[in-house]
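File shown here: entry_17.txt, holding compact mmCIF, C-alpha atoms.
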# COMPACT_ATOMS: atom_id res chain seq x y z
CA MET A 16 1.70 -8.36 21.04
CA ALA A 17 1.16 -8.63 17.31
CA GLU A 18 3.65 -10.93 15.55
CA ARG A 19 3.86 -8.46 12.66
CA ILE A 20 2.05 -5.28 11.70
CA ILE A 21 1.07 -5.07 8.03
CA ILE A 22 0.71 -1.74 6.27
CA PHE A 23 -0.42 -1.01 2.70
CA THR A 24 0.00 2.55 1.41
CA ASP A 25 -0.69 4.49 -1.78
CA GLY A 26 -0.89 8.06 -3.04
CA ALA A 27 -2.48 9.81 -6.00
CA ALA A 28 -2.42 13.23 -7.61
CA LYS A 29 -4.75 14.31 -10.40
CA GLY A 30 -2.51 16.47 -12.56
CA ASN A 31 0.74 15.81 -10.66
CA PRO A 32 0.85 18.51 -9.36
CA GLY A 33 -2.84 18.81 -8.68
CA PRO A 34 -5.46 17.67 -6.17
CA GLY A 35 -4.15 14.66 -4.31
CA GLY A 36 -5.11 11.94 -1.89
CA TRP A 37 -3.42 9.27 0.18
CA GLY A 38 -4.61 6.01 1.69
CA ALA A 39 -3.29 3.43 4.14
CA VAL A 40 -4.45 0.18 5.67
CA VAL A 41 -2.91 -0.86 9.00
CA CYS A 42 -3.44 -4.36 10.40
CA ASP A 43 -2.03 -5.65 13.69
CA GLY A 44 -3.42 -9.16 13.28
CA ALA A 45 -6.55 -8.46 15.31
CA THR A 46 -7.79 -5.08 14.09
CA VAL A 47 -7.72 -3.10 10.86
CA THR A 48 -7.63 0.68 10.55
CA GLU A 49 -8.01 2.49 7.24
CA LEU A 50 -6.53 5.97 6.98
CA GLY A 51 -6.91 8.60 4.29
CA GLY A 52 -6.55 12.28 3.54
CA ALA A 53 -6.42 14.83 0.75
CA SER A 54 -4.49 17.91 -0.34
CA PRO A 55 -5.65 20.60 -2.80
CA LEU A 56 -2.29 20.90 -4.59
CA THR A 57 0.39 18.25 -4.34
CA THR A 58 2.29 15.53 -6.21
CA ASN A 59 1.96 11.77 -6.37
CA ASN A 60 5.30 11.26 -4.61
CA ARG A 61 4.31 13.49 -1.70
CA MET A 62 1.04 11.63 -1.29
CA GLU A 63 2.85 8.27 -1.37
CA MET A 64 5.12 9.47 1.43
CA GLU A 65 2.31 11.07 3.42
CA ALA A 66 0.46 7.74 3.46
CA ALA A 67 3.50 5.94 4.88
CA ILE A 68 4.14 8.67 7.43
CA ARG A 69 0.57 8.61 8.74
CA ALA A 70 0.57 4.81 8.92
CA LEU A 71 3.87 4.68 10.82
CA GLN A 72 2.62 7.38 13.18
CA LYS A 73 -0.36 5.12 13.85
CA VAL A 74 1.87 2.24 14.98
CA GLY A 75 4.61 4.36 16.59
CA GLY A 76 6.18 2.72 19.62
CA THR A 77 5.14 -0.82 18.73
CA PRO A 78 7.70 -3.53 19.60
CA ALA A 79 6.45 -5.67 16.70
CA PRO A 80 8.10 -5.77 13.25
CA VAL A 81 6.35 -3.57 10.69
CA ALA A 82 5.98 -4.58 7.02
CA VAL A 83 5.14 -1.77 4.61
CA PHE A 84 3.82 -2.67 1.15
CA THR A 85 3.81 0.05 -1.51
CA ASP A 86 3.95 0.43 -5.30
CA SER A 87 6.26 3.46 -4.98
CA THR A 88 9.84 2.51 -5.89
CA TYR A 89 10.72 6.19 -5.31
CA MET A 90 9.82 5.87 -1.64
CA ILE A 91 11.38 2.43 -1.18
CA HIS A 92 14.70 3.39 -2.71
CA GLY A 93 14.68 6.76 -0.98
CA ILE A 94 14.17 5.45 2.55
CA THR A 95 16.34 2.33 2.23
CA LYS A 96 19.18 3.58 0.04
CA TRP A 97 19.39 7.22 -1.07
CA ILE A 98 18.69 8.82 2.30
CA HIS A 99 22.05 7.76 3.75
CA GLY A 100 23.93 9.80 1.15
CA TRP A 101 21.50 12.72 1.47
CA ARG A 102 22.17 12.99 5.19
CA ARG A 103 25.95 12.85 4.69
CA LYS A 104 25.73 15.61 2.08
CA ASP A 105 23.46 17.86 4.17
CA TRP A 106 20.43 17.01 2.04
CA LYS A 107 22.05 17.57 -1.32
CA THR A 108 21.79 15.22 -4.29
CA SER A 109 24.83 13.73 -6.02
CA GLN A 110 24.51 16.60 -8.53
CA GLY A 111 24.56 19.18 -5.73
CA GLY A 112 20.89 20.18 -5.88
CA ASP A 113 18.45 20.26 -2.99
CA VAL A 114 16.68 17.00 -2.24
CA LEU A 115 13.04 17.24 -3.21
CA ASN A 116 10.47 16.60 -0.48
CA ARG A 117 13.10 16.94 2.24
CA ASP A 118 10.45 17.75 4.86
CA LEU A 119 8.70 14.44 4.27
CA TRP A 120 11.92 12.44 4.02
CA GLU A 121 13.02 13.75 7.42
CA ARG A 122 9.67 12.82 8.99
CA LEU A 123 9.72 9.38 7.40
CA ASP A 124 13.33 8.79 8.48
CA GLU A 125 12.57 9.83 12.05
CA LEU A 126 9.61 7.49 12.28
CA THR A 127 11.55 4.58 10.80
CA ARG A 128 14.46 5.14 13.17
CA GLY A 129 12.02 5.29 16.06
CA LEU A 130 10.96 1.75 15.25
CA ARG A 131 14.59 0.66 15.67
CA GLY A 132 15.16 -0.98 12.33
CA LYS A 133 12.06 -3.16 12.53
CA VAL A 134 10.51 -1.72 9.35
CA SER A 135 10.69 -3.67 6.08
CA TRP A 136 9.73 -2.12 2.75
CA SER A 137 8.31 -4.28 -0.05
CA TYR A 138 7.32 -3.42 -3.59
CA VAL A 139 3.79 -4.30 -4.71
CA PRO A 140 3.02 -3.97 -8.45
CA GLY A 141 0.12 -1.60 -8.92
CA HIS A 142 -3.16 -3.05 -10.24
CA ALA A 143 -1.86 -6.60 -9.94
CA GLY A 144 -4.89 -7.82 -8.02
CA ILE A 145 -3.39 -7.66 -4.51
CA PRO A 146 -6.43 -6.59 -2.47
CA GLY A 147 -4.59 -4.50 0.13
CA ASN A 148 -2.88 -2.49 -2.59
CA GLU A 149 -6.08 -2.13 -4.57
CA ARG A 150 -7.95 -0.85 -1.51
CA VAL A 151 -5.44 1.91 -0.71
CA ASP A 152 -5.46 2.88 -4.39
CA VAL A 153 -9.24 3.32 -4.19
CA ILE A 154 -8.96 5.41 -1.02
CA ALA A 155 -6.22 7.65 -2.43
CA SER A 156 -7.84 8.08 -5.86
CA GLU A 157 -11.33 8.82 -4.57
CA LEU A 158 -10.08 11.35 -2.03
CA ALA A 159 -7.97 13.02 -4.74
CA LEU A 160 -11.17 13.40 -6.77
CA GLY A 161 -12.91 14.96 -3.79
CA ASN A 162 -15.21 11.98 -3.25
CA PRO A 163 -16.07 10.77 0.27
CA VAL A 164 -14.67 7.41 1.35
CA GLU A 165 -15.96 5.34 4.25
CA LEU A 166 -12.88 4.26 6.20
CA TYR A 167 -13.00 1.03 8.19
CA ASP A 168 -11.79 0.79 11.79
CA GLY A 169 -12.61 -2.45 13.56
CA PRO A 170 -11.86 -6.16 13.95
CA LEU A 171 -9.97 -8.02 11.24
CA ALA A 172 -12.62 -10.76 11.31
CA ALA A 173 -15.23 -8.32 10.00
CA TYR A 174 -12.99 -6.71 7.37
CA THR A 175 -14.12 -7.64 3.86
CA ILE A 176 -10.76 -7.22 2.12
CA ASP A 177 -8.26 -10.08 2.11
CA LEU A 178 -4.90 -8.82 3.39
CA SER A 179 -3.21 -12.22 3.22
CA ALA A 180 -2.07 -11.82 -0.41
CA GLN A 181 1.35 -10.21 -0.13
CA PRO A 182 4.71 -10.38 -1.87
CA ALA A 183 7.57 -11.61 0.30
CA PRO A 184 8.78 -8.71 2.49
CA ALA A 185 12.10 -7.11 1.64
CA PRO A 186 14.95 -7.27 4.16
CA THR A 187 14.78 -4.68 6.94
CA ARG A 188 16.84 -1.60 6.09
CA ASP A 189 20.32 -1.76 7.47
CA ALA A 190 23.20 0.65 8.00
CA ALA A 191 24.27 0.26 4.39
CA GLY A 192 20.79 1.05 3.12
CA ALA A 193 20.43 -2.12 1.05
CA ALA A 194 17.81 -1.90 -1.69
CA PRO A 195 14.68 -4.05 -1.31
CA ARG A 196 13.88 -7.14 -3.34
CA LYS A 197 10.77 -7.10 -5.44
CA GLY A 198 7.94 -9.53 -4.84
CA LYS A 199 6.68 -11.57 -7.79
CA PRO A 200 2.99 -12.29 -7.49
CA GLY A 201 1.59 -15.23 -9.46
CA LYS A 202 0.09 -14.71 -12.91
CA ALA A 203 -3.64 -14.04 -12.85
CA TYR A 204 -6.04 -16.79 -13.92
CA SER A 205 -8.98 -14.46 -13.28
CA TYR A 206 -10.10 -11.54 -11.14
CA LEU A 207 -13.08 -12.01 -8.84
CA SER A 208 -15.39 -9.40 -7.36
CA MET A 209 -18.35 -9.58 -5.01
CA VAL A 210 -20.80 -6.71 -4.63
CA SER A 211 -23.92 -7.02 -2.45
CA GLY A 212 -23.32 -10.77 -2.22
CA VAL A 213 -23.12 -11.27 -6.01
CA ALA A 214 -19.82 -12.67 -7.32
CA GLN A 215 -18.51 -12.16 -10.84
CA ARG A 216 -15.40 -13.21 -12.78
CA HIS A 217 -13.35 -10.71 -14.80
CA SER A 218 -10.58 -11.31 -17.30
CA THR A 219 -8.74 -8.07 -16.47
CA TRP A 220 -8.12 -6.05 -13.34
CA ALA A 221 -9.59 -2.96 -15.04
CA GLU A 222 -12.98 -4.69 -15.34
CA CYS A 223 -12.86 -5.85 -11.74
CA GLU A 224 -11.79 -2.43 -10.46
CA LYS A 225 -14.61 -0.71 -12.36
CA ARG A 226 -17.17 -2.87 -10.55
CA VAL A 227 -15.82 -2.45 -7.01
CA ARG A 228 -14.44 1.10 -7.05
CA GLY A 229 -16.16 3.23 -4.45
CA VAL A 230 -18.56 0.45 -3.39
CA SER A 231 -18.68 0.00 0.37
CA GLY A 232 -18.19 -3.63 1.44
CA ALA A 233 -17.11 -4.82 -2.01
CA ARG A 234 -14.65 -7.73 -2.14
CA PHE A 235 -12.12 -8.48 -4.85
CA LYS A 236 -9.18 -10.79 -5.37
CA LYS A 237 -6.92 -12.22 -8.04
CA ALA A 238 -7.10 -15.98 -8.62
CA THR A 239 -3.98 -17.75 -9.89
CA SER A 240 -5.69 -20.99 -11.00
CA GLU A 241 -9.10 -22.62 -11.33
CA GLN A 242 -8.56 -24.27 -7.96
CA ASP A 243 -7.59 -20.96 -6.38
CA GLU A 244 -10.71 -19.38 -7.89
CA GLN A 245 -12.91 -22.04 -6.33
CA ARG A 246 -11.17 -21.63 -2.96
CA ILE A 247 -11.79 -17.86 -2.97
CA LEU A 248 -15.44 -18.30 -3.87
CA SER A 249 -15.80 -20.91 -1.14
CA ASP A 250 -14.23 -18.54 1.39
CA TRP A 251 -16.70 -15.87 0.31
CA GLY A 252 -19.62 -18.30 0.42
CA ALA A 253 -20.51 -17.29 -3.14
CA ARG A 254 -21.07 -18.68 -6.63
CA LEU A 255 -20.30 -17.02 -9.92
CA THR A 256 -23.11 -15.32 -11.80
CA SER A 257 -21.03 -14.81 -14.94
Do you think you could lay out the structure here as structure tokens?
Amino acid sequence: MAERIIIFTDGAAKGNPGPGGWGAVVCDGATVTELGGASPLTTNNRMEMEAAIRALQKVGGTPAPVAVFTDSTYMIHGITKWIHGWRRKDWKTSQGGDVLNRDLWERLDELTRGLRGKVSWSYVPGHAGIPGNERVDVIASELALGNPVELYDGPLAAYTIDLSAQPAPAPTRDAAGAAPRKGKPGKAYSYLSMVSGVAQRHSTWAECEKRVRGVSGARFKKATSEQDEQRILSDWGARLTS
């Protein structure tokens, strides 16, 4: 049995509402499965939730704890805090209006309950150089644009994206619906990318993302110090070209 299942999720909508996409990476410690899908007319929030729903469906029934990492505070606060009041008020907000995206909230709540409180929800800052988050952003964004994405499904040992960089997981949701704590990733010293075996250093995530976006097999990671940079390059078996 896996000690912990790790999930990264993200959603995107071009126009909000507009064409959308969602992406998820699910890792059980031995294998990695990438998931993704698109919708012709949707919102960013719905795509964020759809990604989490599909990922939790993938691991449904597991006895292992599940850690979900997302940059959607809307989803984190909704599933860990707001949903308790919504259920008590028959899916009405505190102002008396209908809860938006009720259909997805009910599906997400059912899946989370099915895992018997073993799901933790952690905030990941978007575009902060955390590879798992950056990968699901690429999947969601490219699918929203109508571009094909090659989704990986195979052993963790052959997966080219480092899933070890994570903020500390938030406490598992409890009966009171406690809000999650935010992770605080270290400040970036540099951003590294490797495409077709060639490694480069970038001063900003935007530069790094531009090089790796949509490139099959590309690797990328944030370095927090010169020593960390050298360790990453050593792990990749690469040297900098610039």
(message) Report, in Å with one decimal, the straight-line distance from CA of Ala155 in chain A to CA of Ala27 in chain A.
(response) 5.6 Å
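Pairwise distance (CA of Gly76 in chain A, CA of Ile94 in chain A) equals 19.0 Å.
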(request) Identify the residues within 12 Å of coordinate (-3.6, 25.2, -4.9) (same frame as the file), considering only C-alpha atoms, and give the answer as a ChimeraX atom specification. (result) /A:30-35,54-58
Would you export the selected residues with C-alpha atoms as an mmCIF file, keeping the file's coordinate frame, please?
data_model
loop_
_atom_site.group_PDB
_atom_site.id
_atom_site.type_symbol
_atom_site.label_atom_id
_atom_site.label_comp_id
_atom_site.auth_asym_id
_atom_site.auth_seq_id
_atom_site.Cartn_x
_atom_site.Cartn_y
_atom_site.Cartn_z
ATOM 1 C CA GLY A 30 -2.510 16.470 -12.560
ATOM 2 C CA ASN A 31 0.740 15.810 -10.660
ATOM 3 C CA PRO A 32 0.850 18.510 -9.360
ATOM 4 C CA GLY A 33 -2.840 18.810 -8.680
ATOM 5 C CA PRO A 34 -5.460 17.670 -6.170
ATOM 6 C CA GLY A 35 -4.150 14.660 -4.310
ATOM 7 C CA SER A 54 -4.490 17.910 -0.340
ATOM 8 C CA PRO A 55 -5.650 20.600 -2.800
ATOM 9 C CA LEU A 56 -2.290 20.900 -4.590
ATOM 10 C CA THR A 57 0.390 18.250 -4.340
ATOM 11 C CA THR A 58 2.290 15.530 -6.210
#
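Take CA of Cys42 in chain A and CA of Pro146 in chain A: the distance between them is 13.4 Å.
Of the listed residues A:Trp101, A:Asp118, A:Asp113, A:Glu18, the one whose atoms come nearest to Glu65 in chain A is A:Asp118, with distances taken using only C-alpha atoms.
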Residues within 12 Å of Leu158 in chain A, please, as an mmCIF file with C-alpha atoms, keeping the file's coordinate frame. Count all atoms listed in the file; anything in the same chain fewer than 4 positions from it doesn't count.
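Resulting contents of part-v9.cif:
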data_model
loop_
_atom_site.group_PDB
_atom_site.id
_atom_site.type_symbol
_atom_site.label_atom_id
_atom_site.label_comp_id
_atom_site.auth_asym_id
_atom_site.auth_seq_id
_atom_site.Cartn_x
_atom_site.Cartn_y
_atom_site.Cartn_z
ATOM 1 C CA ASP A 25 -0.690 4.490 -1.780
ATOM 2 C CA GLY A 26 -0.890 8.060 -3.040
ATOM 3 C CA ALA A 27 -2.480 9.810 -6.000
ATOM 4 C CA ALA A 28 -2.420 13.230 -7.610
ATOM 5 C CA LYS A 29 -4.750 14.310 -10.400
ATOM 6 C CA PRO A 34 -5.460 17.670 -6.170
ATOM 7 C CA GLY A 35 -4.150 14.660 -4.310
ATOM 8 C CA GLY A 36 -5.110 11.940 -1.890
ATOM 9 C CA TRP A 37 -3.420 9.270 0.180
ATOM 10 C CA GLY A 38 -4.610 6.010 1.690
ATOM 11 C CA LEU A 50 -6.530 5.970 6.980
ATOM 12 C CA GLY A 51 -6.910 8.600 4.290
ATOM 13 C CA GLY A 52 -6.550 12.280 3.540
ATOM 14 C CA ALA A 53 -6.420 14.830 0.750
ATOM 15 C CA SER A 54 -4.490 17.910 -0.340
ATOM 16 C CA PRO A 55 -5.650 20.600 -2.800
ATOM 17 C CA MET A 62 1.040 11.630 -1.290
ATOM 18 C CA VAL A 151 -5.440 1.910 -0.710
ATOM 19 C CA ASP A 152 -5.460 2.880 -4.390
ATOM 20 C CA VAL A 153 -9.240 3.320 -4.190
ATOM 21 C CA ILE A 154 -8.960 5.410 -1.020
ATOM 22 C CA ASN A 162 -15.210 11.980 -3.250
ATOM 23 C CA PRO A 163 -16.070 10.770 0.270
ATOM 24 C CA VAL A 164 -14.670 7.410 1.350
ATOM 25 C CA GLU A 165 -15.960 5.340 4.250
ATOM 26 C CA LEU A 166 -12.880 4.260 6.200
ATOM 27 C CA GLY A 229 -16.160 3.230 -4.450
#
(message) Using only C-alpha atoms, which protein or nucleic acid residues come within 9 Å of Ile98 in chain A? Drop anything in the same chain fewer than 4 positions from it, and give the result as a VMD selection string.
(response) chain A and resid 92 to 94 102 to 103 106 120 124 192
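Closest approach to Asn60 in chain A among A:Gln72, A:Ile91, A:Val41, A:His99: A:Ile91, based on only C-alpha atoms.
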(message) Here is a test: counting only C-alpha atoms, which residue of A:Ala203, A:Ala45, A:Ser87, A:Gly147 is nearest to Phe235 in chain A?
(response) A:Gly147
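Among the candidates A:Gly129, A:Ser240, A:Glu49, A:Tyr206, the residue lying nearest to Glu224 in chain A is A:Tyr206 (atoms considered: all atoms listed in the file).
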(request) Name the closest residue to Arg254 in chain A among the candidates A:Ser208, A:Val213, A:Glu222, A:Arg234; distances are taken between atoms, counting all atoms listed in the file. (result) A:Val213
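Each of A:Met64, A:Leu171, A:Leu160, A:Arg150 was checked against Leu123 in chain A using only C-alpha atoms; the smallest atom-to-atom distance is that of A:Met64.
Residue neighbourhood of Val134 in chain A, excluding near-sequence residues (fewer than 5 positions): Pro80, Val81, Ala82, Thr127 and Thr187 of chain A, at 7 Å, using only C-alpha atoms.
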Your completed range 170-181 of chain A with all heavy atoms, as an mmCIF file, in the frame of the given file:
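Once everything was written out, this is part-v3.cif:
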data_model
loop_
_atom_site.group_PDB
_atom_site.id
_atom_site.type_symbol
_atom_site.label_atom_id
_atom_site.label_comp_id
_atom_site.auth_asym_id
_atom_site.auth_seq_id
_atom_site.Cartn_x
_atom_site.Cartn_y
_atom_site.Cartn_z
ATOM 1 N N PRO A 170 -12.522 -4.844 13.888
ATOM 2 C CA PRO A 170 -11.860 -6.160 13.950
ATOM 3 C C PRO A 170 -11.513 -6.707 12.563
ATOM 4 O O PRO A 170 -12.272 -6.520 11.616
ATOM 5 C CB PRO A 170 -12.891 -7.045 14.646
ATOM 6 C CG PRO A 170 -14.201 -6.361 14.419
ATOM 7 C CD PRO A 170 -13.907 -4.897 14.396
ATOM 8 N N LEU A 171 -10.393 -7.402 12.495
ATOM 9 C CA LEU A 171 -9.970 -8.020 11.240
ATOM 10 C C LEU A 171 -11.008 -9.030 10.763
ATOM 11 O O LEU A 171 -11.253 -9.159 9.556
ATOM 12 C CB LEU A 171 -8.621 -8.715 11.429
ATOM 13 C CG LEU A 171 -8.093 -9.558 10.267
ATOM 14 C CD1 LEU A 171 -7.893 -8.705 9.022
ATOM 15 C CD2 LEU A 171 -6.787 -10.249 10.666
ATOM 16 N N ALA A 172 -11.653 -9.730 11.680
ATOM 17 C CA ALA A 172 -12.620 -10.760 11.310
ATOM 18 C C ALA A 172 -13.789 -10.205 10.520
ATOM 19 O O ALA A 172 -14.409 -10.923 9.733
ATOM 20 C CB ALA A 172 -13.130 -11.460 12.565
ATOM 21 N N ALA A 173 -14.096 -8.928 10.703
ATOM 22 C CA ALA A 173 -15.230 -8.320 10.000
ATOM 23 C C ALA A 173 -14.796 -7.522 8.775
ATOM 24 O O ALA A 173 -15.642 -6.966 8.070
ATOM 25 C CB ALA A 173 -16.010 -7.417 10.962
ATOM 26 N N TYR A 174 -13.503 -7.482 8.503
ATOM 27 C CA TYR A 174 -12.990 -6.710 7.370
ATOM 28 C C TYR A 174 -13.189 -7.512 6.093
ATOM 29 O O TYR A 174 -12.853 -8.696 6.035
ATOM 30 C CB TYR A 174 -11.508 -6.412 7.587
ATOM 31 C CG TYR A 174 -10.906 -5.380 6.672
ATOM 32 C CD1 TYR A 174 -11.469 -4.116 6.531
ATOM 33 C CD2 TYR A 174 -9.746 -5.653 5.965
ATOM 34 C CE1 TYR A 174 -10.895 -3.157 5.708
ATOM 35 C CE2 TYR A 174 -9.158 -4.703 5.153
ATOM 36 C CZ TYR A 174 -9.737 -3.456 5.022
ATOM 37 O OH TYR A 174 -9.156 -2.508 4.208
ATOM 38 N N THR A 175 -13.737 -6.897 5.069
ATOM 39 C CA THR A 175 -14.120 -7.640 3.860
ATOM 40 C C THR A 175 -13.003 -7.775 2.834
ATOM 41 O O THR A 175 -13.192 -8.416 1.805
ATOM 42 C CB THR A 175 -15.324 -6.963 3.189
ATOM 43 O OG1 THR A 175 -14.987 -5.607 2.853
ATOM 44 C CG2 THR A 175 -16.533 -6.976 4.108
ATOM 45 N N ILE A 176 -11.866 -7.186 3.084
ATOM 46 C CA ILE A 176 -10.760 -7.220 2.120
ATOM 47 C C ILE A 176 -9.676 -8.169 2.617
ATOM 48 O O ILE A 176 -9.243 -8.084 3.769
ATOM 49 C CB ILE A 176 -10.201 -5.812 1.883
ATOM 50 C CG1 ILE A 176 -11.270 -4.940 1.223
ATOM 51 C CG2 ILE A 176 -8.946 -5.849 1.022
ATOM 52 C CD1 ILE A 176 -10.947 -3.479 1.185
ATOM 53 N N ASP A 177 -9.251 -9.066 1.755
ATOM 54 C CA ASP A 177 -8.260 -10.080 2.110
ATOM 55 C C ASP A 177 -6.862 -9.473 2.104
ATOM 56 O O ASP A 177 -6.348 -9.093 1.053
ATOM 57 C CB ASP A 177 -8.351 -11.233 1.102
ATOM 58 C CG ASP A 177 -7.379 -12.353 1.407
ATOM 59 O OD1 ASP A 177 -6.732 -12.311 2.467
ATOM 60 O OD2 ASP A 177 -7.266 -13.272 0.575
ATOM 61 N N LEU A 178 -6.243 -9.388 3.282
ATOM 62 C CA LEU A 178 -4.900 -8.820 3.390
ATOM 63 C C LEU A 178 -3.810 -9.883 3.381
ATOM 64 O O LEU A 178 -2.637 -9.560 3.546
ATOM 65 C CB LEU A 178 -4.786 -7.983 4.673
ATOM 66 C CG LEU A 178 -5.732 -6.788 4.785
ATOM 67 C CD1 LEU A 178 -5.519 -6.074 6.125
ATOM 68 C CD2 LEU A 178 -5.531 -5.809 3.635
ATOM 69 N N SER A 179 -4.195 -11.137 3.159
ATOM 70 C CA SER A 179 -3.210 -12.220 3.220
ATOM 71 C C SER A 179 -2.362 -12.320 1.962
ATOM 72 O O SER A 179 -1.284 -12.915 1.992
ATOM 73 C CB SER A 179 -3.914 -13.553 3.479
ATOM 74 O OG SER A 179 -4.757 -13.902 2.383
ATOM 75 N N ALA A 180 -2.836 -11.755 0.841
ATOM 76 C CA ALA A 180 -2.070 -11.820 -0.410
ATOM 77 C C ALA A 180 -1.012 -10.736 -0.398
ATOM 78 O O ALA A 180 -1.307 -9.559 -0.526
ATOM 79 C CB ALA A 180 -3.000 -11.635 -1.603
ATOM 80 N N GLN A 181 0.239 -11.153 -0.232
ATOM 81 C CA GLN A 181 1.350 -10.210 -0.130
ATOM 82 C C GLN A 181 2.577 -10.773 -0.826
ATOM 83 O O GLN A 181 2.804 -11.981 -0.802
ATOM 84 C CB GLN A 181 1.712 -9.956 1.336
ATOM 85 C CG GLN A 181 0.575 -9.516 2.215
ATOM 86 C CD GLN A 181 0.842 -9.870 3.657
ATOM 87 O OE1 GLN A 181 1.953 -10.177 4.046
ATOM 88 N NE2 GLN A 181 -0.202 -9.836 4.465
#
